[in-house]
file query.cif (mmCIF, C-alpha atoms and all ligand atoms)
data_final
#
loop_
_atom_site.label_atom_id
_atom_site.label_comp_id
_atom_site.auth_asym_id
_atom_site.auth_seq_id
_atom_site.Cartn_x
_atom_site.Cartn_y
_atom_site.Cartn_z
CA MET A 341 -6.02 12.21 -40.19
CA SER A 342 -2.42 10.95 -40.29
CA GLU A 343 -0.93 8.22 -38.07
CA GLN A 344 1.07 10.90 -36.24
CA ASP A 345 -2.09 12.70 -35.17
CA ILE A 346 -3.29 9.63 -33.29
CA LYS A 347 -2.19 9.58 -29.65
CA LYS A 348 -2.29 5.84 -28.93
CA GLY A 349 -3.13 5.24 -25.28
CA LEU A 350 -3.66 9.03 -24.98
CA ALA A 351 0.09 9.21 -24.24
CA GLY A 352 1.13 12.81 -23.64
CA VAL A 353 -2.42 14.14 -24.04
CA VAL A 354 -3.64 16.62 -21.40
CA VAL A 355 -7.41 16.13 -21.20
CA ASP A 356 -8.44 18.38 -18.28
CA THR A 357 -7.23 20.19 -15.17
CA THR A 358 -7.19 18.78 -11.65
CA ALA A 359 -6.44 20.28 -8.24
CA VAL A 360 -6.25 16.90 -6.47
CA SER A 361 -2.67 15.87 -7.21
CA LYS A 362 0.27 16.89 -9.34
CA VAL A 363 2.69 14.55 -11.06
CA VAL A 364 5.88 16.26 -12.13
CA GLN A 365 7.47 14.10 -14.77
CA GLU A 366 10.81 15.93 -14.87
CA THR A 367 11.48 15.58 -11.13
CA ASN A 368 9.50 12.34 -10.67
CA SER A 369 7.56 13.99 -7.86
CA LEU A 370 3.99 13.63 -6.69
CA THR A 371 2.02 16.01 -4.48
CA TYR A 372 -1.50 15.67 -3.04
CA ARG A 373 -3.14 19.09 -2.71
CA GLY A 374 0.36 20.59 -2.78
CA TYR A 375 2.03 18.32 -0.19
CA PRO A 376 4.80 15.91 -1.31
CA VAL A 377 3.53 12.37 -0.86
CA GLN A 378 6.67 11.20 0.93
CA GLU A 379 6.22 13.98 3.55
CA LEU A 380 2.59 13.00 4.04
CA ALA A 381 3.65 9.36 4.49
CA ALA A 382 6.21 10.39 7.12
CA ALA A 383 3.94 12.71 9.10
CA CYS A 384 0.30 11.70 8.66
CA SER A 385 -2.15 8.86 9.05
CA PHE A 386 -4.16 7.55 6.08
CA GLU A 387 -7.29 9.07 7.67
CA GLU A 388 -5.67 12.54 7.59
CA VAL A 389 -4.66 12.04 3.95
CA ALA A 390 -8.16 10.89 3.00
CA TYR A 391 -9.54 14.07 4.58
CA LEU A 392 -6.92 16.15 2.72
CA ILE A 393 -7.78 14.56 -0.62
CA TRP A 394 -11.49 15.31 -0.23
CA HIS A 395 -11.35 18.67 1.55
CA GLY A 396 -8.18 20.20 0.09
CA GLU A 397 -6.63 20.88 3.53
CA LEU A 398 -5.23 18.71 6.31
CA PRO A 399 -7.70 18.38 9.20
CA THR A 400 -7.35 20.09 12.56
CA ARG A 401 -7.45 17.80 15.61
CA ALA A 402 -11.19 18.44 16.03
CA GLN A 403 -11.93 17.88 12.34
CA LEU A 404 -9.96 14.63 12.37
CA ASP A 405 -11.79 13.40 15.47
CA GLU A 406 -15.15 14.04 13.80
CA PHE A 407 -14.00 12.48 10.51
CA THR A 408 -12.66 9.28 12.14
CA ARG A 409 -15.75 8.98 14.38
CA SER A 410 -17.97 9.17 11.32
CA GLU A 411 -15.86 6.56 9.43
CA ARG A 412 -15.92 4.16 12.41
CA ASP A 413 -19.72 4.49 12.62
CA LYS A 414 -20.11 3.45 8.97
CA ARG A 415 -17.85 0.35 8.91
CA GLU A 416 -20.54 -2.26 9.46
CA ILE A 417 -22.08 -3.59 6.20
CA ASP A 418 -25.67 -4.63 5.76
CA PRO A 419 -26.33 -8.35 6.52
CA GLN A 420 -27.71 -8.92 3.02
CA LEU A 421 -24.39 -7.81 1.56
CA VAL A 422 -22.60 -10.22 3.90
CA ASP A 423 -24.87 -13.02 2.62
CA LEU A 424 -24.24 -11.96 -0.98
CA LEU A 425 -20.45 -12.07 -0.43
CA LEU A 426 -20.68 -15.47 1.24
CA SER A 427 -22.77 -16.80 -1.65
CA LEU A 428 -20.15 -16.06 -4.33
CA PRO A 429 -17.89 -18.87 -5.60
CA ARG A 430 -14.77 -19.19 -3.44
CA ASP A 431 -12.55 -18.98 -6.48
CA SER A 432 -14.15 -15.87 -8.00
CA HIS A 433 -11.66 -13.11 -8.72
CA PRO A 434 -11.41 -10.84 -5.61
CA MET A 435 -11.72 -7.74 -7.83
CA HIS A 436 -14.99 -9.10 -9.25
CA VAL A 437 -16.15 -9.53 -5.66
CA VAL A 438 -15.27 -5.91 -4.85
CA GLN A 439 -17.00 -4.72 -8.01
CA THR A 440 -20.13 -6.73 -7.14
CA ALA A 441 -20.17 -5.23 -3.63
CA VAL A 442 -19.84 -1.67 -4.96
CA ALA A 443 -22.67 -2.28 -7.45
CA TYR A 444 -24.79 -3.76 -4.63
CA LEU A 445 -24.24 -0.68 -2.45
CA GLY A 446 -25.47 1.44 -5.37
CA ALA A 447 -28.47 -0.83 -5.97
CA VAL A 448 -29.73 -0.53 -2.37
CA ASP A 449 -29.04 3.19 -1.98
CA PRO A 450 -32.27 5.06 -2.81
CA HIS A 451 -30.19 8.25 -3.15
CA ALA A 452 -27.51 6.77 -5.42
CA ASP A 453 -28.19 9.29 -8.18
CA GLU A 454 -28.02 12.37 -5.97
CA THR A 455 -25.13 14.72 -6.61
CA GLY A 456 -23.85 17.87 -4.91
CA GLU A 457 -21.31 18.21 -2.12
CA GLU A 458 -23.28 16.60 0.68
CA ALA A 459 -24.54 13.63 -1.37
CA ASN A 460 -21.10 13.00 -2.84
CA ARG A 461 -19.38 13.08 0.55
CA ARG A 462 -21.95 10.69 1.98
CA ILE A 463 -21.37 8.09 -0.74
CA ALA A 464 -17.58 8.55 -0.81
CA GLU A 465 -17.29 8.17 2.97
CA ARG A 466 -19.57 5.13 2.92
CA LEU A 467 -17.38 3.39 0.32
CA TYR A 468 -14.19 4.38 2.15
CA ALA A 469 -15.54 3.01 5.46
CA GLN A 470 -17.06 -0.20 4.06
CA LEU A 471 -14.52 -1.39 1.49
CA PRO A 472 -12.15 -2.73 4.20
CA THR A 473 -15.05 -4.71 5.71
CA ILE A 474 -15.88 -6.14 2.28
CA VAL A 475 -12.25 -7.07 1.48
CA ALA A 476 -11.77 -8.63 4.93
CA ILE A 477 -14.93 -10.77 4.63
CA ASP A 478 -13.81 -11.93 1.19
CA HIS A 479 -10.41 -12.94 2.58
CA ARG A 480 -11.94 -14.89 5.46
CA ARG A 481 -14.60 -16.72 3.43
CA ARG A 482 -11.87 -18.02 1.11
CA HIS A 483 -10.20 -19.55 4.18
CA GLY A 484 -13.51 -20.98 5.41
CA LEU A 485 -13.59 -18.47 8.30
CA ASP A 486 -16.51 -16.44 9.67
CA PRO A 487 -16.43 -12.65 9.32
CA VAL A 488 -14.97 -10.60 12.17
CA ALA A 489 -17.03 -7.50 12.99
CA PRO A 490 -15.28 -4.13 12.70
CA SER A 491 -14.09 -2.49 15.92
CA LYS A 492 -14.89 1.16 16.64
CA ASP A 493 -11.93 1.30 19.02
CA LEU A 494 -9.32 0.80 16.30
CA GLY A 495 -7.90 3.14 13.65
CA TYR A 496 -8.45 2.44 9.94
CA ALA A 497 -5.36 0.23 9.38
CA ALA A 498 -5.47 -1.61 12.72
CA ASN A 499 -9.18 -2.35 12.23
CA PHE A 500 -8.48 -3.87 8.81
CA PHE A 501 -5.92 -6.31 10.29
CA HIS A 502 -8.40 -7.08 13.08
CA MET A 503 -11.14 -7.92 10.53
CA VAL A 504 -8.82 -10.03 8.34
CA PHE A 505 -6.75 -11.92 10.94
CA ASP A 506 -8.84 -11.50 14.10
CA GLU A 507 -5.84 -9.82 15.71
CA VAL A 508 -3.88 -6.60 15.46
CA PRO A 509 -0.17 -7.15 14.67
CA ALA A 510 2.89 -5.20 15.86
CA GLU A 511 2.78 -1.41 15.52
CA GLU A 512 5.48 -1.41 12.74
CA ILE A 513 3.27 -3.65 10.58
CA VAL A 514 0.19 -1.47 11.03
CA ARG A 515 2.26 1.64 10.26
CA ALA A 516 3.81 0.10 7.12
CA PHE A 517 0.32 -0.76 5.89
CA ASP A 518 -0.91 2.76 6.64
CA ILE A 519 2.03 4.18 4.65
CA SER A 520 1.11 1.98 1.68
CA MET A 521 -2.46 3.33 1.85
CA ILE A 522 -1.15 6.90 1.73
CA LEU A 523 1.10 6.16 -1.25
CA TYR A 524 -1.68 4.39 -3.17
CA ALA A 525 -4.38 6.99 -2.42
CA GLU A 526 -4.16 9.17 -5.51
CA HIS A 527 -2.28 9.57 -8.78
CA SER A 528 -3.92 12.07 -11.15
CA PHE A 529 -5.31 10.75 -14.47
CA ASN A 530 -4.19 7.11 -14.20
CA ALA A 531 -6.29 4.53 -16.09
CA SER A 532 -8.78 3.74 -13.31
CA THR A 533 -9.28 7.37 -12.27
CA PHE A 534 -9.76 8.33 -15.89
CA THR A 535 -12.32 5.53 -16.23
CA ALA A 536 -14.19 6.96 -13.23
CA ARG A 537 -14.10 10.42 -14.81
CA VAL A 538 -15.36 9.10 -18.18
CA ILE A 539 -18.32 7.40 -16.48
CA THR A 540 -19.02 10.50 -14.38
CA SER A 541 -18.91 12.67 -17.49
CA THR A 542 -22.08 10.96 -18.76
CA THR A 543 -23.75 12.19 -15.51
CA SER A 544 -23.92 8.62 -14.23
CA ASP A 545 -23.66 8.07 -10.45
CA MET A 546 -20.70 7.64 -8.11
CA TYR A 547 -21.23 3.90 -7.48
CA SER A 548 -21.22 3.21 -11.24
CA ALA A 549 -18.05 5.27 -11.70
CA VAL A 550 -16.30 3.44 -8.85
CA ALA A 551 -17.42 0.00 -10.11
CA GLY A 552 -15.92 0.88 -13.52
CA ALA A 553 -12.72 2.10 -11.89
CA VAL A 554 -12.38 -1.20 -10.00
CA GLY A 555 -12.54 -2.99 -13.35
CA ALA A 556 -9.79 -0.79 -14.79
CA LEU A 557 -7.58 -1.23 -11.74
CA LYS A 558 -7.81 -5.03 -11.95
CA GLY A 559 -5.53 -5.28 -14.99
CA PRO A 560 -1.86 -6.20 -14.47
CA LEU A 561 -0.64 -3.17 -16.43
CA HIS A 562 -2.25 -1.07 -13.69
CA GLY A 563 -3.24 -2.10 -10.14
CA GLY A 564 -2.98 -5.82 -10.77
CA ALA A 565 0.79 -5.38 -10.98
CA ASN A 566 1.29 -5.60 -7.19
CA GLU A 567 -0.03 -9.19 -7.31
CA ALA A 568 1.90 -9.97 -10.47
CA VAL A 569 5.15 -8.81 -8.80
CA MET A 570 4.70 -11.26 -5.94
CA ALA A 571 3.79 -14.11 -8.29
CA MET A 572 6.91 -13.29 -10.33
CA LEU A 573 9.24 -13.18 -7.30
CA GLU A 574 7.81 -16.48 -6.10
CA GLU A 575 8.43 -18.01 -9.51
CA VAL A 576 12.03 -16.73 -9.57
CA GLY A 577 12.52 -18.16 -6.07
CA THR A 578 16.02 -17.08 -5.02
CA ALA A 579 18.44 -14.22 -5.76
CA ASP A 580 20.89 -16.44 -7.68
CA ARG A 581 18.15 -17.31 -10.22
CA ALA A 582 17.13 -13.71 -10.98
CA SER A 583 19.50 -13.09 -13.88
CA GLU A 584 18.65 -16.28 -15.74
CA TRP A 585 14.91 -15.68 -15.20
CA ILE A 586 15.17 -12.15 -16.61
CA ASP A 587 17.14 -13.46 -19.64
CA ARG A 588 14.29 -15.82 -20.43
CA ALA A 589 11.51 -13.31 -19.80
CA LEU A 590 13.10 -10.70 -22.03
CA ALA A 591 13.79 -13.26 -24.76
CA GLU A 592 10.06 -14.07 -24.64
CA LYS A 593 9.29 -10.31 -24.85
CA LYS A 594 7.52 -10.37 -21.49
CA LYS A 595 6.84 -7.20 -19.49
CA ILE A 596 8.55 -7.30 -16.12
CA MET A 597 5.90 -6.53 -13.52
CA GLY A 598 6.50 -3.66 -11.08
CA PHE A 599 8.86 -1.85 -13.45
CA GLY A 600 8.22 1.05 -15.80
CA HIS A 601 5.66 3.81 -15.75
CA ARG A 602 3.78 5.85 -18.33
CA VAL A 603 4.71 9.12 -16.61
CA TYR A 604 7.85 8.51 -14.53
CA LYS A 605 10.70 7.45 -16.75
CA ASN A 606 13.50 7.96 -14.19
CA GLY A 607 11.96 6.52 -11.05
CA ASP A 608 8.77 6.77 -9.03
CA SER A 609 8.90 9.12 -6.01
CA ARG A 610 6.75 6.73 -3.96
CA VAL A 611 9.23 3.86 -4.24
CA PRO A 612 11.90 4.90 -1.65
CA THR A 613 9.23 5.34 1.04
CA MET A 614 7.54 2.01 0.23
CA ARG A 615 10.88 0.27 -0.01
CA LYS A 616 11.65 1.40 3.56
CA ALA A 617 8.26 0.07 4.66
CA PHE A 618 9.09 -3.25 2.95
CA GLU A 619 12.49 -3.33 4.71
CA SER A 620 10.78 -2.77 8.04
CA MET A 621 8.61 -5.84 7.26
CA VAL A 622 11.79 -7.82 6.53
CA GLU A 623 13.14 -6.76 9.93
CA VAL A 624 9.95 -7.83 11.69
CA THR A 625 9.66 -11.20 9.91
CA GLY A 626 13.38 -11.97 9.38
CA ASP A 627 12.72 -12.92 5.72
CA THR A 628 16.05 -11.71 4.37
CA GLN A 629 15.84 -14.19 1.47
CA LEU A 630 12.98 -12.19 -0.04
CA LEU A 631 14.96 -8.95 0.40
CA ASP A 632 18.03 -10.49 -1.27
CA LEU A 633 15.90 -11.61 -4.21
CA TYR A 634 14.20 -8.19 -4.40
CA ASN A 635 17.57 -6.41 -4.50
CA ALA A 636 19.22 -8.79 -6.96
CA PHE A 637 16.26 -8.70 -9.33
CA GLU A 638 16.04 -4.90 -9.27
CA GLU A 639 19.77 -4.38 -9.74
CA ASP A 640 19.89 -6.78 -12.67
CA PHE A 641 16.80 -5.46 -14.50
CA VAL A 642 17.53 -1.75 -13.97
CA GLY A 643 21.15 -2.36 -15.01
CA ARG A 644 20.10 -3.93 -18.29
CA LYS A 645 17.10 -1.81 -19.29
CA GLY A 646 17.28 1.48 -17.33
CA ILE A 647 13.60 0.93 -16.48
CA TYR A 648 12.93 1.68 -12.80
CA PRO A 649 10.60 0.10 -10.23
CA ASN A 650 7.14 1.57 -9.67
CA LEU A 651 5.19 1.49 -6.39
CA ASP A 652 3.92 -2.04 -7.02
CA TYR A 653 7.45 -3.50 -6.84
CA PRO A 654 8.00 -2.86 -3.09
CA SER A 655 4.31 -2.97 -2.10
CA GLY A 656 3.71 -6.53 -3.39
CA PRO A 657 6.39 -8.19 -1.23
CA ALA A 658 5.56 -5.87 1.71
CA TYR A 659 1.90 -7.04 1.69
CA HIS A 660 3.15 -10.62 1.43
CA LEU A 661 5.24 -10.20 4.58
CA MET A 662 2.27 -8.57 6.35
CA GLY A 663 0.48 -11.89 5.83
CA PHE A 664 -2.01 -11.01 3.08
CA ASP A 665 -2.84 -13.45 0.29
CA THR A 666 -1.44 -12.31 -3.06
CA GLU A 667 -4.92 -12.25 -4.63
CA GLN A 668 -6.03 -9.60 -2.11
CA PHE A 669 -3.28 -7.06 -2.93
CA THR A 670 -5.29 -5.26 -5.63
CA PRO A 671 -8.48 -5.06 -3.51
CA ILE A 672 -6.26 -3.44 -0.85
CA PHE A 673 -5.18 -0.94 -3.50
CA VAL A 674 -8.92 -0.19 -4.06
CA MET A 675 -9.30 0.61 -0.34
CA ALA A 676 -6.71 3.37 -0.75
CA ARG A 677 -7.58 4.64 -4.23
CA ILE A 678 -11.27 5.08 -3.37
CA THR A 679 -10.21 8.44 -1.90
CA GLY A 680 -8.59 9.66 -5.13
CA TRP A 681 -11.31 8.24 -7.39
CA THR A 682 -14.12 9.90 -5.49
CA ALA A 683 -12.27 13.25 -5.31
CA HIS A 684 -11.91 13.11 -9.10
CA ILE A 685 -15.57 12.15 -9.55
CA MET A 686 -16.55 15.25 -7.53
CA GLU A 687 -14.16 17.40 -9.55
CA GLN A 688 -15.52 16.03 -12.83
CA GLN A 689 -19.10 16.70 -11.75
CA ALA A 690 -18.28 20.25 -10.70
CA ALA A 691 -17.02 21.25 -14.17
CA ASN A 692 -18.34 18.54 -16.44
CA ALA A 693 -17.86 18.03 -20.17
CA LEU A 694 -18.83 14.71 -21.74
CA ILE A 695 -15.62 12.78 -22.49
CA ARG A 696 -16.02 11.52 -26.01
CA PRO A 697 -12.89 11.37 -28.18
CA LEU A 698 -12.76 10.68 -31.91
CA SER A 699 -11.38 7.71 -33.78
CA ALA A 700 -9.75 7.39 -37.20
CA TYR A 701 -11.68 4.78 -39.21
CA ASP A 702 -9.54 2.15 -40.92
CA GLY A 703 -12.21 -0.42 -41.83
CA GLN A 704 -14.07 -1.22 -45.06
CA GLU A 705 -14.98 1.55 -47.50
CA GLN A 706 -18.72 2.31 -47.52
CA ARG A 707 -20.58 -0.38 -49.52
CA GLU A 708 -24.06 -1.61 -50.31
CA VAL A 709 -25.74 -4.43 -48.41
CA PRO A 710 -26.01 -7.20 -51.06
CA ALA A 711 -29.55 -8.36 -51.74
CA ASP A 712 -28.37 -11.92 -52.33
CA ARG A 713 -26.32 -13.12 -49.33
CA GLY A 714 -25.95 -16.71 -50.43
N1 LIG A 801 9.32 -4.72 -18.74
C1 LIG A 801 9.96 -4.81 -19.93
N2 LIG A 801 9.99 -3.80 -20.82
C2 LIG A 801 9.34 -2.68 -20.48
C3 LIG A 801 8.66 -2.52 -19.27
C4 LIG A 801 8.66 -3.60 -18.37
N3 LIG A 801 8.04 -3.54 -17.21
N4 LIG A 801 8.11 -1.30 -19.20
C5 LIG A 801 8.41 -0.70 -20.35
N5 LIG A 801 9.15 -1.52 -21.11
C6 LIG A 801 9.70 -1.24 -22.43
C7 LIG A 801 8.67 -1.53 -23.50
O1 LIG A 801 8.75 -2.88 -23.95
C8 LIG A 801 9.03 -0.55 -24.58
O2 LIG A 801 10.15 -1.02 -25.27
P1 LIG A 801 10.27 -0.79 -26.84
O3 LIG A 801 10.30 0.72 -27.01
O4 LIG A 801 11.53 -1.50 -27.20
O5 LIG A 801 9.03 -1.41 -27.44
C9 LIG A 801 9.47 0.68 -23.78
O6 LIG A 801 9.94 0.18 -22.52
C10 LIG A 801 8.34 1.67 -23.55
O7 LIG A 801 7.31 0.99 -22.89
P2 LIG A 801 5.78 1.21 -23.08
O8 LIG A 801 5.03 -0.05 -22.73
O9 LIG A 801 5.51 1.83 -24.42
O10 LIG A 801 5.51 2.29 -21.99
P3 LIG A 801 4.14 2.67 -21.44
O11 LIG A 801 4.29 4.04 -20.91
O12 LIG A 801 3.05 2.44 -22.42
O13 LIG A 801 3.92 1.59 -20.29
C11 LIG A 801 3.60 0.46 -18.33
C12 LIG A 801 3.91 1.81 -18.98
C13 LIG A 801 2.30 -0.10 -18.90
C14 LIG A 801 3.41 0.70 -16.83
C15 LIG A 801 4.76 -0.52 -18.61
O14 LIG A 801 5.94 0.02 -18.10
C16 LIG A 801 4.49 -1.90 -18.02
O15 LIG A 801 3.81 -2.71 -18.64
N6 LIG A 801 5.01 -2.18 -16.77
C17 LIG A 801 4.73 -3.43 -16.13
C18 LIG A 801 3.36 -3.39 -15.44
C19 LIG A 801 3.37 -2.53 -14.21
O16 LIG A 801 4.26 -2.60 -13.38
N7 LIG A 801 2.29 -1.72 -14.05
C20 LIG A 801 2.12 -0.86 -12.89
C21 LIG A 801 2.06 0.59 -13.26
S1 LIG A 801 2.10 1.65 -11.82
C22 LIG A 801 0.61 1.47 -11.07
O17 LIG A 801 -0.40 1.16 -11.65
C23 LIG A 801 0.60 1.70 -9.55
#
call {"tool": "encode", "arguments": {"input": "query.cif", "output": "structure tokens", "more": "lines below"}}
Ligand code: ACO
result
Amino acid sequence: MSEQDIKKGLAGVVVDTTAVSKVVQETNSLTYRGYPVQELAAACSFEEVAYLIWHGELPTRAQLDEFTRSERDKREIDPQLVDLLLSLPRDSHPMHVVQTAVAYLGAVDPHADETGEEANRRIAERLYAQLPTIVAIDHRRRHGLDPVAPSKDLGYAANFFHMVFDEVPAEEIVRAFDISMILYAEHSFNASTFTARVITSTTSDMYSAVAGAVGALKGPLHGGANEAVMAMLEEVGTADRASEWIDRALAEKKKIMGFGHRVYKNGDSRVPTMRKAFESMVEVTGDTQLLDLYNAFEEDFVGRKGIYPNLDYPSGPAYHLMGFDTEQFTPIFVMARITGWTAHIMEQQAANALIRPLSAYDGQEQREVPADRG
């Protein structure tokens, strides 16, 4: 096998079909079940989009009512899981906490290994309903605060703010968060979704596939980038320092977080919508200094390299202005992507083939084990 036959990072390799979402490289567009993501963000709630991702169609009023009722009924987590979360070190990585919680839910589910439509939906909806409760408890314990119980009277996004901050903020903030959830929900064969599909292909269970996907999302080249963007902007500090900071970072051959994409080379279709959501947060909070820095940094970097922002560039500072701790941005991404992951797990199960690529060996030639090893 020659070097050219090896597709490092599987770049450009089509490994299977999917009906969940379509990424069109040439036009930088993304559709979920045929609907452009920016139209969904403008017209729908995250709950409607979650339903769409799993069922293939947007819900009717009655279907949505039933779906949201069922999600609200499942939000509460078992007291032993609360104790487990509270027992973890305060400085443990929040993605390790999420991964532990997902593994726990699998460990206590006597039907964890069941498959088929009904079993899959049950587990997927349980994870979707309980992940916000888990992330909120983790946030509060780090601040030395007691958990706040979920409220059945609040929608998905408003309830999350209620559980994290013990209050529901202005409508624009809740809506901006909901939009971010829609934009983060699904993205074809990205690294974490592919991880979930690889695990599923061995006929392992949904909890195991999701726990693996959480691990893949944690990395800064993938989901961890939304946190890395905020850390970077905080390090830069002010708009007038952007250019000099970029000079230094590029001289040190650093990757600039929140820019570039394996698939989109001319811009990410989710960015304009998330940028607007970020701007609405600037309006609410009055933090124009962060917006000035954001604009100056983007203009400078894009001008030099022609590498465009991805979704993590506007979402990081938007979550910051919503009041979330930087270390919780990637767990928030998990809350959204659980919908896409589980849809792909179901799709993989329905037409499974073990995912097992080949490698080209470049180690030692075959040799004998010496009898005398010194
Ligand atoms: N900063 C600096 N240079 C970059 C960046 C960047 N963010 N992105 C790409 N490049 C450069 C590379 O150095 C490389 O240059 P070279 O050809 O001179 O070596 C060229 O552009 C091609 O880049 P690759 O890394 O080969 O592109 P790839 O498709 O493998 O990488 C990736 C995509 C990993 C997302 C990359 O752009 C990156 O590391 N970005 C920063 C991390 C990030 O924002 N990740 C979030 C992805 S989106 C998401 O998960 C929601």
call {"tool": "atom_distance", "arguments": {"input": "query.cif", "atom1": "atom O8 of ligand LIG 801 (chain A)", "atom2": "CA of Leu561 in chain A"}}
result
9.0 Å
call {"tool": "residues_near_ligand", "arguments": {"input": "query.cif", "ligand": "ligand LIG 801 (chain A)", "cutoff": "10 Å", "atoms": "all atoms listed in the file", "output": "PyMOL selection string"}}
result
chain A and resi 348-352+523-524+526-527+530-532+557-569+586+589-590+593-605+608+610+641-642+645-653+655+670+673
call {"tool": "closest_residue", "arguments": {"input": "query.cif", "among": "A:Gly577, A:Pro654, A:Gly663, A:Pro487", "to": "Val422 in chain A", "atoms": "all atoms listed in the file"}}
result
A:Pro487
call {"tool": "residues_around", "arguments": {"input": "query.cif", "residues": "Ile695 in chain A", "least_positions_apart": "5", "cutoff": "12 Å", "atoms": "all atoms listed in the file", "output": "PDB file with C-alpha atoms, keeping the file's coordinate frame"}}
result
ATOM      1  CA  VAL A 355      -7.410  16.130 -21.200  1.00  0.00           C
ATOM      2  CA  ASP A 356      -8.440  18.380 -18.280  1.00  0.00           C
ATOM      3  CA  PHE A 534      -9.760   8.330 -15.890  1.00  0.00           C
ATOM      4  CA  THR A 535     -12.320   5.530 -16.230  1.00  0.00           C
ATOM      5  CA  ALA A 536     -14.190   6.960 -13.230  1.00  0.00           C
ATOM      6  CA  ARG A 537     -14.100  10.420 -14.810  1.00  0.00           C
ATOM      7  CA  VAL A 538     -15.360   9.100 -18.180  1.00  0.00           C
ATOM      8  CA  ILE A 539     -18.320   7.400 -16.480  1.00  0.00           C
ATOM      9  CA  THR A 540     -19.020  10.500 -14.380  1.00  0.00           C
ATOM     10  CA  SER A 541     -18.910  12.670 -17.490  1.00  0.00           C
ATOM     11  CA  THR A 542     -22.080  10.960 -18.760  1.00  0.00           C
ATOM     12  CA  THR A 543     -23.750  12.190 -15.510  1.00  0.00           C
ATOM     13  CA  GLN A 688     -15.520  16.030 -12.830  1.00  0.00           C
ATOM     14  CA  GLN A 689     -19.100  16.700 -11.750  1.00  0.00           C
TER      15      GLN A 689
END
call {"tool": "closest_residue", "arguments": {"input": "query.cif", "among": "A:Pro697, A:Gly495, A:Gly680, A:Gly703", "to": "Ile522 in chain A", "atoms": "only C-alpha atoms"}}
result
A:Gly680
call {"tool": "atom_distance", "arguments": {"input": "query.cif", "atom1": "CA of Pro490 in chain A", "atom2": "CA of Leu398 in chain A"}}
result
25.8 Å
call {"tool": "closest_residue", "arguments": {"input": "query.cif", "among": "A:Gln629, A:Thr682, A:Ser548, A:Asn460", "to": "Val576 in chain A", "atoms": "all atoms listed in the file"}}
result
A:Gln629
call {"tool": "residues_around", "arguments": {"input": "query.cif", "residues": "range 503-508 of chain A", "least_positions_apart": "6", "cutoff": "12 Å", "atoms": "all atoms listed in the file", "output": "ChimeraX atom specification"}}
result
/A:415-416,470-483,485-497,514-515,517,662-665,668,672
call {"tool": "closest_residue", "arguments": {"input": "query.cif", "among": "A:Asp640, A:Gly552, A:Ser544, A:Trp394", "to": "Asp587 in chain A", "atoms": "all atoms listed in the file"}}
result
A:Asp640
call {"tool": "axis_aligned_box", "arguments": {"input": "query.cif", "around": "range 368-386 of chain A", "padding_each_side": "3 Å", "output": "AutoDock Vina command-line options"}}
result
--center_x 2.7 --center_y 14.1 --center_z -0.8 --size_x 19.7 --size_y 19.0 --size_z 25.8
call {"tool": "atom_distance", "arguments": {"input": "query.cif", "atom1": "CA of Val611 in chain A", "atom2": "CA of Glu512 in chain A"}}
result
18.2 Å
call {"tool": "closest_residue", "arguments": {"input": "query.cif", "among": "A:Ala382, A:Val709, A:Val674, A:Met570", "to": "Thr613 in chain A", "atoms": "all atoms listed in the file"}}
result
A:Ala382
call {"tool": "residues_around", "arguments": {"input": "query.cif", "residues": "Ser410 in chain A", "least_positions_apart": "3", "cutoff": "12 Å", "atoms": "only C-alpha atoms", "output": "PyMOL selection string"}}
result
chain A and resi 387+391+403-407+413-416+461-462+465-466+468-470+492+495-496
call {"tool": "residues_near_point", "arguments": {"input": "query.cif", "point": "(11.1, 13.2, -13.5)", "cutoff": "8 Å", "atoms": "only C-alpha atoms", "output": "PDB file with C-alpha atoms, keeping the file's coordinate frame"}}
result
ATOM      1  CA  VAL A 364       5.880  16.260 -12.130  1.00  0.00           C
ATOM      2  CA  GLN A 365       7.470  14.100 -14.770  1.00  0.00           C
ATOM      3  CA  GLU A 366      10.810  15.930 -14.870  1.00  0.00           C
ATOM      4  CA  THR A 367      11.480  15.580 -11.130  1.00  0.00           C
ATOM      5  CA  ASN A 368       9.500  12.340 -10.670  1.00  0.00           C
ATOM      6  CA  SER A 369       7.560  13.990  -7.860  1.00  0.00           C
ATOM      7  CA  TYR A 604       7.850   8.510 -14.530  1.00  0.00           C
ATOM      8  CA  LYS A 605      10.700   7.450 -16.750  1.00  0.00           C
ATOM      9  CA  ASN A 606      13.500   7.960 -14.190  1.00  0.00           C
ATOM     10  CA  GLY A 607      11.960   6.520 -11.050  1.00  0.00           C
TER      11      GLY A 607
END
call {"tool": "closest_residue", "arguments": {"input": "query.cif", "among": "A:Glu708, A:Asp545, A:Asp431, A:Glu343", "to": "Glu454 in chain A", "atoms": "all atoms listed in the file"}}
result
A:Asp545
call {"tool": "residues_around", "arguments": {"input": "query.cif", "residues": "Ala390 in chain A", "least_positions_apart": "4", "cutoff": "8 Å", "atoms": "only C-alpha atoms", "output": "number ranges by chain"}}
result
A: 386, 394, 525, 679
call {"tool": "decode", "arguments": {"input": "query.cif", "residues": "range 499-510 of chain A", "atoms": "C-alpha atoms", "output": "CSV table (one decimal), in the first residue's frame"}}
result
chain,number,residue,atom,x,y,z
A,499,ASN,CA,-35.5,24.9,32.9
A,500,PHE,CA,-31.8,24.6,32.4
A,501,PHE,CA,-31.2,28.2,33.5
A,502,HIS,CA,-33.5,27.6,36.5
A,503,MET,CA,-31.5,24.6,37.5
A,504,VAL,CA,-28.1,26.3,37.1
A,505,PHE,CA,-28.8,29.8,38.4
A,506,ASP,CA,-32.0,29.3,40.4
A,507,GLU,CA,-33.7,31.9,38.2
A,508,VAL,CA,-34.9,32.2,34.6
A,509,PRO,CA,-33.3,35.2,32.8
A,510,ALA,CA,-34.7,37.5,30.2
